[in-house]
>>> print(open('structure_23.cif').read())   # mmCIF, C-alpha atoms
data_entry
loop_
_atom_site.label_atom_id
_atom_site.label_comp_id
_atom_site.auth_asym_id
_atom_site.auth_seq_id
_atom_site.Cartn_x
_atom_site.Cartn_y
_atom_site.Cartn_z
CA MET V 494 -20.57 16.58 -38.84
CA ASP V 495 -21.93 20.10 -39.15
CA LEU V 496 -20.32 23.48 -39.67
CA HIS V 497 -21.00 25.19 -36.35
CA LYS V 498 -17.85 26.47 -34.69
CA ASN V 499 -16.53 24.83 -31.55
CA GLY V 500 -13.89 26.84 -29.69
CA ASN V 501 -12.38 23.75 -28.03
CA ASN V 502 -11.92 21.74 -31.21
CA GLY V 503 -9.36 22.07 -33.99
CA SER V 504 -6.63 23.95 -32.15
CA CYS V 505 -3.23 23.30 -33.69
CA PRO V 506 0.26 23.61 -32.16
CA SER V 507 2.17 26.68 -33.25
CA SER V 508 4.78 24.41 -34.83
CA CYS V 509 2.27 23.18 -37.42
CA GLY V 510 3.20 24.35 -40.89
CA PRO V 511 0.78 25.05 -43.76
CA LEU V 512 -1.62 22.10 -44.10
CA THR V 513 0.54 19.82 -41.93
CA GLU V 514 -2.41 19.74 -39.52
CA TYR V 515 -4.31 17.63 -42.11
CA TYR V 516 -1.41 15.52 -43.41
CA ILE V 517 -1.24 11.72 -43.00
CA PRO V 518 2.09 10.01 -43.81
CA ASP V 519 2.33 7.21 -46.36
CA TYR V 520 3.05 4.38 -43.96
CA ILE V 521 -0.37 4.80 -42.28
CA LEU V 522 -2.19 4.85 -45.61
CA LYS V 523 -0.07 2.18 -47.33
CA PRO V 524 0.59 -0.93 -45.24
CA ASP V 525 3.84 -1.78 -47.05
CA SER V 526 5.47 1.65 -46.62
CA GLU V 527 8.37 2.33 -44.28
CA PRO V 528 7.48 4.14 -41.01
CA VAL V 529 8.64 7.73 -40.59
CA ILE V 530 9.17 9.95 -37.54
CA ILE V 531 7.05 13.12 -37.33
CA ASP V 532 7.60 15.71 -34.58
CA ASN V 533 3.92 16.50 -34.06
CA ALA V 534 0.81 14.48 -34.87
CA PRO V 535 -1.63 16.27 -37.23
CA CYS V 536 -4.44 17.84 -35.22
CA CYS V 537 -7.04 17.27 -37.96
CA PRO V 538 -5.96 14.36 -40.20
CA VAL V 539 -8.34 13.83 -43.11
CA VAL V 540 -9.03 11.19 -45.73
CA VAL V 541 -10.75 12.65 -48.80
CA PHE V 542 -13.15 10.82 -51.13
CA ILE V 543 -14.18 12.61 -54.33
CA ASN V 544 -16.64 11.49 -56.98
CA SER V 545 -14.84 12.71 -60.11
CA ARG V 546 -18.07 12.36 -62.09
CA SER V 547 -19.99 14.80 -59.91
CA GLY V 548 -20.34 18.49 -60.59
CA GLY V 549 -19.49 18.34 -64.30
CA GLN V 550 -15.72 18.82 -64.46
CA LEU V 551 -15.48 20.04 -60.86
CA GLY V 552 -14.81 16.61 -59.39
CA SER V 553 -11.62 16.06 -61.37
CA SER V 554 -10.44 19.59 -60.66
CA LEU V 555 -11.11 19.16 -56.95
CA ILE V 556 -9.05 15.95 -56.86
CA LYS V 557 -6.12 17.79 -58.44
CA THR V 558 -6.26 20.60 -55.88
CA TYR V 559 -6.57 18.36 -52.82
CA ARG V 560 -3.64 16.24 -54.03
CA GLU V 561 -1.54 19.40 -54.44
CA LEU V 562 -2.25 20.45 -50.86
CA LEU V 563 -2.19 17.08 -49.09
CA ASN V 564 -0.49 13.73 -49.43
CA GLU V 565 -1.73 12.31 -52.74
CA ALA V 566 -2.27 8.98 -51.01
CA GLN V 567 -4.97 10.43 -48.73
CA VAL V 568 -7.14 11.67 -51.62
CA PHE V 569 -9.21 9.02 -53.43
CA ASP V 570 -11.14 9.11 -56.70
CA LEU V 571 -14.31 7.06 -56.11
CA SER V 572 -14.43 6.09 -59.79
CA GLU V 573 -11.13 4.24 -59.26
CA GLU V 574 -11.44 2.79 -55.76
CA SER V 575 -14.48 2.23 -53.55
CA PRO V 576 -14.56 3.62 -50.00
CA ASP V 577 -15.18 0.23 -48.38
CA LYS V 578 -11.86 -1.11 -49.69
CA VAL V 579 -9.99 2.05 -48.67
CA LEU V 580 -11.37 2.18 -45.14
CA HIS V 581 -11.07 -1.55 -44.55
CA ARG V 582 -7.38 -1.38 -45.53
CA LEU V 583 -6.82 1.75 -43.43
CA TYR V 584 -8.40 0.40 -40.24
CA CYS V 585 -6.67 -2.96 -40.56
CA ASN V 586 -3.40 -1.05 -40.76
CA PHE V 587 -4.40 1.07 -37.75
CA GLU V 588 -4.82 -2.11 -35.70
CA LYS V 589 -1.48 -3.49 -36.86
CA LEU V 590 0.36 -0.25 -36.05
CA LYS V 591 -1.33 0.10 -32.66
CA CYS V 592 -0.23 -3.44 -31.76
CA ASN V 593 3.31 -2.30 -32.54
CA GLY V 594 2.93 0.65 -30.17
CA ASP V 595 2.84 3.33 -32.91
CA LEU V 596 1.70 6.46 -31.05
CA LEU V 597 1.26 8.51 -34.24
CA ALA V 598 -1.14 5.96 -35.71
CA ILE V 599 -3.13 5.96 -32.46
CA GLN V 600 -3.44 9.75 -32.54
CA VAL V 601 -4.34 9.85 -36.26
CA GLN V 602 -7.10 7.28 -35.78
CA LYS V 603 -8.46 9.19 -32.79
CA SER V 604 -8.54 12.54 -34.65
CA LEU V 605 -9.41 11.28 -38.14
CA ARG V 606 -12.13 13.05 -40.14
CA LEU V 607 -13.48 12.02 -43.53
CA ILE V 608 -14.39 14.37 -46.37
CA VAL V 609 -16.67 13.24 -49.17
CA ALA V 610 -17.27 15.37 -52.28
CA GLY V 611 -20.23 14.36 -54.40
CA GLY V 612 -24.00 14.33 -54.44
CA ASP V 613 -26.39 13.00 -51.81
CA GLY V 614 -25.99 9.48 -53.17
CA THR V 615 -22.21 9.59 -52.85
CA ALA V 616 -22.42 10.94 -49.28
CA SER V 617 -24.92 8.21 -48.34
CA TRP V 618 -22.62 5.62 -49.88
CA LEU V 619 -19.78 6.65 -47.57
CA LEU V 620 -22.07 6.86 -44.52
CA GLY V 621 -23.20 3.31 -45.26
CA VAL V 622 -19.62 2.07 -45.50
CA VAL V 623 -18.68 3.73 -42.19
CA SER V 624 -21.78 2.23 -40.56
CA ASP V 625 -20.93 -1.26 -41.86
CA LEU V 626 -17.47 -1.06 -40.29
CA LYS V 627 -19.16 -1.01 -36.84
CA LEU V 628 -16.35 1.01 -35.30
CA SER V 629 -16.39 1.92 -31.61
CA HIS V 630 -15.40 5.48 -32.58
CA PRO V 631 -16.48 6.08 -36.20
CA PRO V 632 -14.86 9.10 -37.88
CA PRO V 633 -17.12 12.11 -38.50
CA VAL V 634 -17.92 12.88 -42.15
CA ALA V 635 -17.88 16.33 -43.77
CA THR V 636 -19.71 16.71 -47.08
CA VAL V 637 -18.67 18.90 -50.02
CA PRO V 638 -21.82 19.83 -52.03
CA LEU V 639 -20.79 18.56 -55.45
CA GLY V 640 -24.12 17.14 -56.61
CA THR V 641 -27.38 18.51 -58.00
CA GLY V 642 -29.63 18.76 -54.93
CA ASN V 643 -27.06 18.57 -52.11
CA ASN V 644 -29.71 18.14 -49.42
CA LEU V 645 -27.40 16.31 -47.02
CA PRO V 646 -24.59 18.92 -46.91
CA PHE V 647 -27.16 21.74 -46.84
CA SER V 648 -28.90 20.22 -43.81
CA PHE V 649 -25.63 20.18 -41.86
CA GLY V 650 -24.46 23.67 -42.75
CA TRP V 651 -22.05 22.95 -45.63
CA GLY V 652 -24.13 24.79 -48.24
CA LYS V 653 -25.83 23.56 -51.41
CA LYS V 654 -23.93 25.33 -54.22
CA ASN V 655 -21.08 23.55 -55.99
CA PRO V 656 -17.79 24.93 -54.59
CA ALA V 657 -14.83 26.62 -56.20
CA THR V 658 -11.88 24.28 -56.75
CA ASP V 659 -8.87 26.60 -56.38
CA GLN V 660 -6.39 26.22 -53.52
CA ALA V 661 -7.80 29.12 -51.52
CA ALA V 662 -11.31 27.60 -51.57
CA VAL V 663 -10.04 24.15 -50.57
CA LYS V 664 -7.94 25.62 -47.73
CA SER V 665 -11.00 27.50 -46.51
CA PHE V 666 -13.09 24.32 -46.53
CA LEU V 667 -10.40 22.39 -44.66
CA GLY V 668 -10.40 25.11 -42.02
CA LYS V 669 -14.16 24.69 -41.62
CA VAL V 670 -13.72 20.93 -41.27
CA LYS V 671 -11.17 21.51 -38.49
CA ARG V 672 -13.53 23.86 -36.62
CA ALA V 673 -16.74 21.86 -37.13
CA ARG V 674 -18.41 20.05 -34.25
CA GLU V 675 -19.78 16.54 -34.50
CA MET V 676 -23.48 15.73 -34.75
CA ASN V 677 -25.27 12.41 -35.01
CA ILE V 678 -27.55 11.43 -37.87
CA ASP V 679 -30.29 8.81 -37.66
CA SER V 680 -30.06 5.73 -39.83
CA TRP V 681 -33.20 3.96 -41.03
CA HIS V 682 -33.68 0.35 -42.03
CA ILE V 683 -35.88 -0.86 -44.87
CA ILE V 684 -37.17 -4.28 -45.85
CA MET V 685 -38.53 -4.70 -49.41
CA ARG V 686 -40.33 -7.76 -50.72
CA MET V 687 -41.13 -8.54 -54.36
CA ARG V 688 -43.41 -11.40 -55.30
CA ILE V 689 -41.59 -13.99 -57.39
CA PRO V 690 -43.20 -14.12 -60.85
CA GLN V 691 -44.56 -17.45 -62.05
CA GLU V 692 -42.62 -17.08 -65.29
CA GLY V 693 -39.30 -15.41 -66.10
CA PRO V 694 -36.52 -14.13 -63.80
CA CYS V 695 -36.87 -11.52 -61.11
CA ASP V 696 -33.25 -10.53 -60.67
CA PRO V 697 -32.37 -7.06 -59.35
CA ILE V 698 -30.72 -4.48 -61.54
CA ALA V 699 -27.01 -5.12 -61.93
CA PRO V 700 -25.06 -3.38 -59.12
CA LEU V 701 -23.13 -1.22 -61.57
CA ASP V 702 -26.41 0.24 -62.82
CA LEU V 703 -27.65 1.20 -59.35
CA PRO V 704 -27.06 4.62 -57.80
CA HIS V 705 -24.41 4.45 -55.07
CA SER V 706 -27.01 5.10 -52.37
CA LEU V 707 -28.67 1.74 -53.15
CA HIS V 708 -25.52 -0.37 -53.00
CA ALA V 709 -26.37 -1.07 -49.36
CA PHE V 710 -29.39 -3.12 -50.40
CA HIS V 711 -28.91 -6.88 -50.47
CA ARG V 712 -31.17 -9.85 -51.11
CA VAL V 713 -31.47 -11.92 -47.93
CA SER V 714 -30.51 -15.60 -47.99
CA ASP V 715 -33.04 -18.44 -47.94
CA CYS V 716 -32.16 -19.21 -44.31
CA ASP V 717 -32.63 -15.61 -43.13
CA SER V 718 -35.51 -15.10 -40.70
CA LEU V 719 -36.80 -12.28 -42.95
CA ASN V 720 -37.12 -14.60 -45.93
CA VAL V 721 -40.72 -15.33 -46.98
CA GLU V 722 -41.60 -18.13 -49.35
CA GLY V 723 -42.75 -16.87 -52.74
CA TYR V 724 -40.97 -13.51 -52.36
CA HIS V 725 -37.54 -12.01 -52.95
CA THR V 726 -36.66 -10.01 -49.83
CA PHE V 727 -34.15 -7.15 -49.76
CA ARG V 728 -32.86 -5.27 -46.74
CA GLY V 729 -31.04 -1.95 -46.60
CA GLY V 730 -30.97 1.50 -45.07
CA PHE V 731 -30.90 5.22 -45.74
CA TRP V 732 -29.61 8.40 -44.11
CA ASN V 733 -31.14 11.21 -46.15
CA TYR V 734 -34.38 9.96 -47.74
CA PHE V 735 -35.98 6.99 -49.42
CA SER V 736 -38.71 7.40 -51.99
CA MET V 737 -40.97 5.18 -54.05
CA GLY V 738 -43.27 5.94 -56.96
CA MET V 739 -43.07 9.00 -59.18
CA ASP V 740 -40.20 10.71 -57.37
CA ALA V 741 -38.09 7.56 -57.44
CA GLN V 742 -38.79 7.12 -61.15
CA VAL V 743 -37.57 10.65 -61.90
CA SER V 744 -34.43 10.15 -59.79
CA TYR V 745 -33.59 6.89 -61.51
CA GLU V 746 -34.18 8.35 -64.99
CA PHE V 747 -31.85 11.24 -64.10
CA HIS V 748 -29.18 8.77 -62.91
CA SER V 749 -29.54 6.64 -66.06
CA GLU V 750 -29.44 9.63 -68.43
CA ARG V 751 -26.33 11.02 -66.74
CA LYS V 752 -24.64 7.65 -67.06
CA ARG V 753 -25.50 7.40 -70.78
CA ASN V 754 -24.58 10.99 -71.64
CA PRO V 755 -22.22 12.42 -68.99
CA GLU V 756 -21.11 15.22 -71.32
CA LYS V 757 -24.59 16.80 -71.06
CA PHE V 758 -24.31 17.26 -67.30
CA LYS V 759 -21.77 20.08 -67.18
CA ASN V 760 -22.80 22.04 -64.10
CA GLN V 761 -25.28 22.23 -61.26
CA LEU V 762 -27.70 24.60 -63.02
CA THR V 763 -27.86 22.43 -66.15
CA ASN V 764 -28.39 19.33 -64.00
CA GLN V 765 -31.24 20.98 -62.11
CA GLY V 766 -32.87 21.93 -65.42
CA THR V 767 -32.63 18.36 -66.67
CA TYR V 768 -34.12 17.08 -63.42
CA ALA V 769 -37.04 19.50 -63.74
CA LYS V 770 -37.69 18.40 -67.34
CA LEU V 771 -37.79 14.76 -66.29
CA GLY V 772 -40.17 15.70 -63.50
CA LEU V 773 -42.50 17.43 -65.94
CA LYS V 774 -42.34 14.41 -68.22
CA GLN V 775 -43.40 12.20 -65.32
CA GLY V 776 -46.29 14.55 -64.56
CA TRP V 777 -45.24 16.24 -61.34
CA PHE V 778 -47.62 19.13 -61.99
CA ALA V 779 -50.29 17.33 -64.03
CA ALA V 780 -50.19 13.83 -62.66
CA SER V 781 -53.88 13.14 -63.01
CA LEU V 782 -53.67 13.78 -66.76
CA THR V 783 -50.46 11.90 -67.52
CA HIS V 784 -50.54 8.97 -65.11
CA PRO V 785 -53.07 6.13 -65.15
CA SER V 786 -54.47 5.16 -61.76
CA SER V 787 -52.75 1.79 -62.11
CA ARG V 788 -49.45 3.56 -61.34
CA ASN V 789 -50.63 4.91 -57.99
CA ILE V 790 -48.71 3.61 -54.95
CA ALA V 791 -51.78 1.87 -53.51
CA GLN V 792 -52.06 -0.17 -56.71
CA LEU V 793 -48.40 -1.15 -56.78
CA ALA V 794 -47.31 -1.84 -53.21
CA LYS V 795 -48.22 -2.23 -49.56
CA VAL V 796 -46.26 -0.12 -47.08
CA LYS V 797 -45.83 -1.14 -43.45
CA ILE V 798 -44.08 0.80 -40.70
CA ILE V 799 -42.89 0.24 -37.12
CA LYS V 800 -43.56 3.40 -35.14
CA ARG V 801 -41.25 2.59 -32.22
CA PRO V 802 -38.49 0.06 -31.50
CA GLY V 803 -39.91 -3.33 -30.61
CA GLY V 804 -43.31 -2.43 -32.00
CA GLN V 805 -45.46 -4.30 -34.48
CA TRP V 806 -45.64 -3.72 -38.22
CA GLU V 807 -48.63 -1.53 -39.10
CA GLU V 808 -49.91 -1.08 -42.64
CA LEU V 809 -49.85 2.50 -43.87
CA LYS V 810 -53.19 3.61 -45.27
CA ILE V 811 -52.44 5.18 -48.64
CA PRO V 812 -55.09 7.22 -50.48
CA ARG V 813 -55.66 5.95 -54.02
CA SER V 814 -54.53 9.28 -55.52
CA ILE V 815 -51.01 9.15 -54.01
CA ARG V 816 -48.28 8.64 -56.62
CA SER V 817 -45.17 9.08 -54.49
CA ILE V 818 -44.11 8.40 -50.91
CA ILE V 819 -40.97 9.97 -49.47
CA CYS V 820 -39.41 8.88 -46.18
CA LEU V 821 -37.41 11.96 -45.21
CA ASN V 822 -34.67 12.09 -42.57
CA LEU V 823 -33.58 15.67 -43.29
CA PRO V 824 -35.05 19.20 -43.13
CA SER V 825 -34.20 19.55 -46.83
CA PHE V 826 -35.52 17.91 -49.98
CA SER V 827 -35.31 18.57 -53.72
CA GLY V 828 -32.42 21.03 -53.58
CA GLY V 829 -33.27 22.96 -50.41
CA LEU V 830 -37.06 22.70 -50.07
CA ASN V 831 -38.18 22.32 -46.44
CA PRO V 832 -41.33 20.15 -46.66
CA TRP V 833 -41.85 20.37 -42.90
CA GLY V 834 -42.22 24.13 -43.09
CA THR V 835 -41.24 26.71 -40.49
CA PRO V 836 -43.88 27.58 -37.87
CA SER V 837 -44.88 31.23 -37.99
CA THR V 838 -44.77 33.42 -34.87
CA ARG V 839 -48.56 33.46 -34.81
CA LYS V 840 -48.75 29.65 -34.79
CA VAL V 841 -46.15 29.38 -32.04
CA GLN V 842 -48.09 31.87 -29.91
CA ASP V 843 -51.34 30.02 -30.54
CA VAL V 844 -49.82 26.73 -29.48
CA SER V 845 -48.30 28.22 -26.32
CA CYS V 846 -51.73 29.46 -25.21
CA PHE V 847 -53.22 25.96 -25.07
CA PRO V 848 -53.79 24.66 -21.53
CA SER V 849 -51.67 21.67 -20.47
#
>>> encode(input="structure_23.cif", output="structure tokens")
Amino acid sequence: MDLHKNGNNGSCPSSCGPLTEYYIPDYILKPDSEPVIIDNAPCCPVVVFINSRSGGQLGSSLIKTYRELLNEAQVFDLSEESPDKVLHRLYCNFEKLKCNGDLLAIQVQKSLRLIVAGGDGTASWLLGVVSDLKLSHPPPVATVPLGTGNNLPFSFGWGKKNPATDQAAVKSFLGKVKRAREMNIDSWHIIMRMRIPQEGPCDPIAPLDLPHSLHAFHRVSDCDSLNVEGYHTFRGGFWNYFSMGMDAQVSYEFHSERKRNPEKFKNQLTNQGTYAKLGLKQGWFAASLTHPSSRNIAQLAKVKIIKRPGGQWEELKIPRSIRSIICLNLPSFSGGLNPWGTPSTRKVQDVSCFPS
């Protein structure tokens, strides 16, 4: 969901009071609660997911503010409850209430919007959960830029700077969510294979040590058609970008360091500085001096792609000097960099002069 205004979306009856247009009653959120009668259905009901560990202390402060303005039960701390459990419970309850003829539940499900506050990994985590639900009408997702790079919210018009957490700022953001129009985002599928070593285990990193964006990756079973003898095969997907090599190493080191020493990651500027230092350590600007050729992508892996649905796998020819490959689904990378570039007026004119 992006930020562009849509005049036909988000209108609210004049009888709506302050923030009632976003409010969801307890009995819809909590299956065991007693039903209540509400005069008007909320025109923009929201469920809010906040990563309290993102943005230094901003995450916890944002949770407090949202819970002051909305029903506490519709604001979730992702460090306490995962989004898959929340949404599975919510949609099961929707089905139960709809079977009972609950018109309010039907309207809330139809108008529901999700808000996720965190970094790109947190936003991808929620997108993956929504995708796995395989809903006929999945709820649109608005992203609060609470991470370090914030490429996903920036690409859809929500900005890239960490937000203020006072009530006025939250009310302003909720208003933008109500006015925003929906847009689709592509999802990409990845298959990874690792040769089984002759000696020792080859188990993946424990799930708790993985960034949220990689929780969607699973090892396929022995009977899966993708399984290949002598290899461990993993399948998964991404919505913003997927990288391998030097860039992935820096990202994982940043994630690991933040998990070991969360007190050092106090704000967005400090986090960006730490990320840059890790990049320098990995040799982003002097790779040929700091990295042996044995760490080049061509020496470590083979990459195959399918260029169109139903096509055949084709091996990607990788120059021996390449140390990182990034599969990018957004016009933003590394905190706002546009690697695709913007065509100049001269280039556009030159192209338009070519004969058809």
>>> closest_residue(input="structure_23.cif", among="V:Glu573, V:Trp732, V:Asn644, V:Ser547", to="V:Arg751", atoms="only C-alpha atoms")
V:Ser547
>>> closest_residue(input="structure_23.cif", among="V:Ser526, V:Arg606, V:Ile684, V:Pro690", to="V:Phe727", atoms="all atoms listed in the file")
V:Ile684
>>> residues_around(input="structure_23.cif", residues="V:Ile790", least_positions_apart="2", cutoff="7 Å", atoms="all atoms listed in the file", output="JSON, numbers by chain")
{"V": [738, 788, 792, 793, 794, 815, 816, 817]}
>>> residues_around(input="structure_23.cif", residues="V:Pro812", least_positions_apart="6", cutoff="12 Å", atoms="all atoms listed in the file", output="mmCIF file with C-alpha atoms, in the frame of the given file")
data_model
loop_
_atom_site.group_PDB
_atom_site.id
_atom_site.type_symbol
_atom_site.label_atom_id
_atom_site.label_comp_id
_atom_site.auth_asym_id
_atom_site.auth_seq_id
_atom_site.Cartn_x
_atom_site.Cartn_y
_atom_site.Cartn_z
ATOM 1 C CA SER V 786 -54.470 5.160 -61.760
ATOM 2 C CA ASN V 789 -50.630 4.910 -57.990
ATOM 3 C CA ILE V 790 -48.710 3.610 -54.950
ATOM 4 C CA ALA V 791 -51.780 1.870 -53.510
ATOM 5 C CA GLN V 792 -52.060 -0.170 -56.710
ATOM 6 C CA LYS V 795 -48.220 -2.230 -49.560
ATOM 7 C CA VAL V 796 -46.260 -0.120 -47.080
ATOM 8 C CA ILE V 818 -44.110 8.400 -50.910
#
>>> atom_distance(input="structure_23.cif", atom1="atom CA of V:Lys669", atom2="atom CA of V:Gly652")
12.0 Å
>>> axis_aligned_box(input="structure_23.cif", around="stretch 818-821 of chain V", padding_each_side="8 Å", output="AutoDock Vina command-line options")
--center_x -40.8 --center_y 10.2 --center_z -48.1 --size_x 22.7 --size_y 19.6 --size_z 21.7
>>> closest_residue(input="structure_23.cif", among="V:Gly611, V:Pro528, V:Pro656, V:Pro576", to="V:Asp595", atoms="all atoms listed in the file")
V:Pro528
>>> residues_around(input="structure_23.cif", residues="V:Gln602", least_positions_apart="6", cutoff="10 Å", atoms="all atoms listed in the file", output="ChimeraX atom specification")
/V:521,538-539,583-584,587-588,591,630-632
>>> atom_distance(input="structure_23.cif", atom1="atom CA of V:Gly612", atom2="atom CA of V:Gly729")
19.4 Å
>>> atom_distance(input="structure_23.cif", atom1="atom CA of V:Arg753", atom2="atom CA of V:Arg712")
26.8 Å
>>> closest_residue(input="structure_23.cif", among="V:Ile799, V:Val601, V:Val609, V:Met737", to="V:Leu821", atoms="all atoms listed in the file")
V:Met737
>>> closest_residue(input="structure_23.cif", among="V:Ala673, V:Leu667, V:Gly804, V:Thr763", to="V:Gly650", atoms="only C-alpha atoms")
V:Ala673
>>> residues_around(input="structure_23.cif", residues="V:Asp577", least_positions_apart="6", cutoff="9 Å", atoms="all atoms listed in the file", output="ChimeraX atom specification")
/V:619,622-623,625-626
>>> closest_residue(input="structure_23.cif", among="V:Ile683, V:Tyr516, V:Glu750, V:Leu628", to="V:His581", atoms="all atoms listed in the file")
V:Leu628
>>> resolve_selection(input="structure_23.cif", expression="the PyMOL selection byres ((chain V and resi 613) around 8)", output="list in words")
Gly611, Gly612, Gly614, Thr615, Ala616, Ser617, Gly640, Gly642, Asn643, Asn644, Leu645, Pro646, Ser706 and Asn733 of chain V
>>> residues_around(input="structure_23.cif", residues="V:Ala635", least_positions_apart="4", cutoff="7 Å", atoms="only C-alpha atoms", output="count of residues only")
5
>>> resolve_selection(input="structure_23.cif", expression="the PyMOL selection byres ((chain V and resi 689) around 6)", output="number ranges by chain")
V: 688, 690, 723-724
>>> write_last_selection(input="structure_23.cif", atoms="C-alpha atoms", output="mmCIF file, in the frame of the given file")
data_model
loop_
_atom_site.group_PDB
_atom_site.id
_atom_site.type_symbol
_atom_site.label_atom_id
_atom_site.label_comp_id
_atom_site.auth_asym_id
_atom_site.auth_seq_id
_atom_site.Cartn_x
_atom_site.Cartn_y
_atom_site.Cartn_z
ATOM 1 C CA ARG V 688 -43.410 -11.400 -55.300
ATOM 2 C CA PRO V 690 -43.200 -14.120 -60.850
ATOM 3 C CA GLY V 723 -42.750 -16.870 -52.740
ATOM 4 C CA TYR V 724 -40.970 -13.510 -52.360
#
>>> resolve_selection(input="structure_23.cif", expression="the PyMOL selection byres ((chain V and resi 556) around 10)", output="number ranges by chain")
V: 541-545, 551-555, 557-561, 565, 568-570, 610, 658
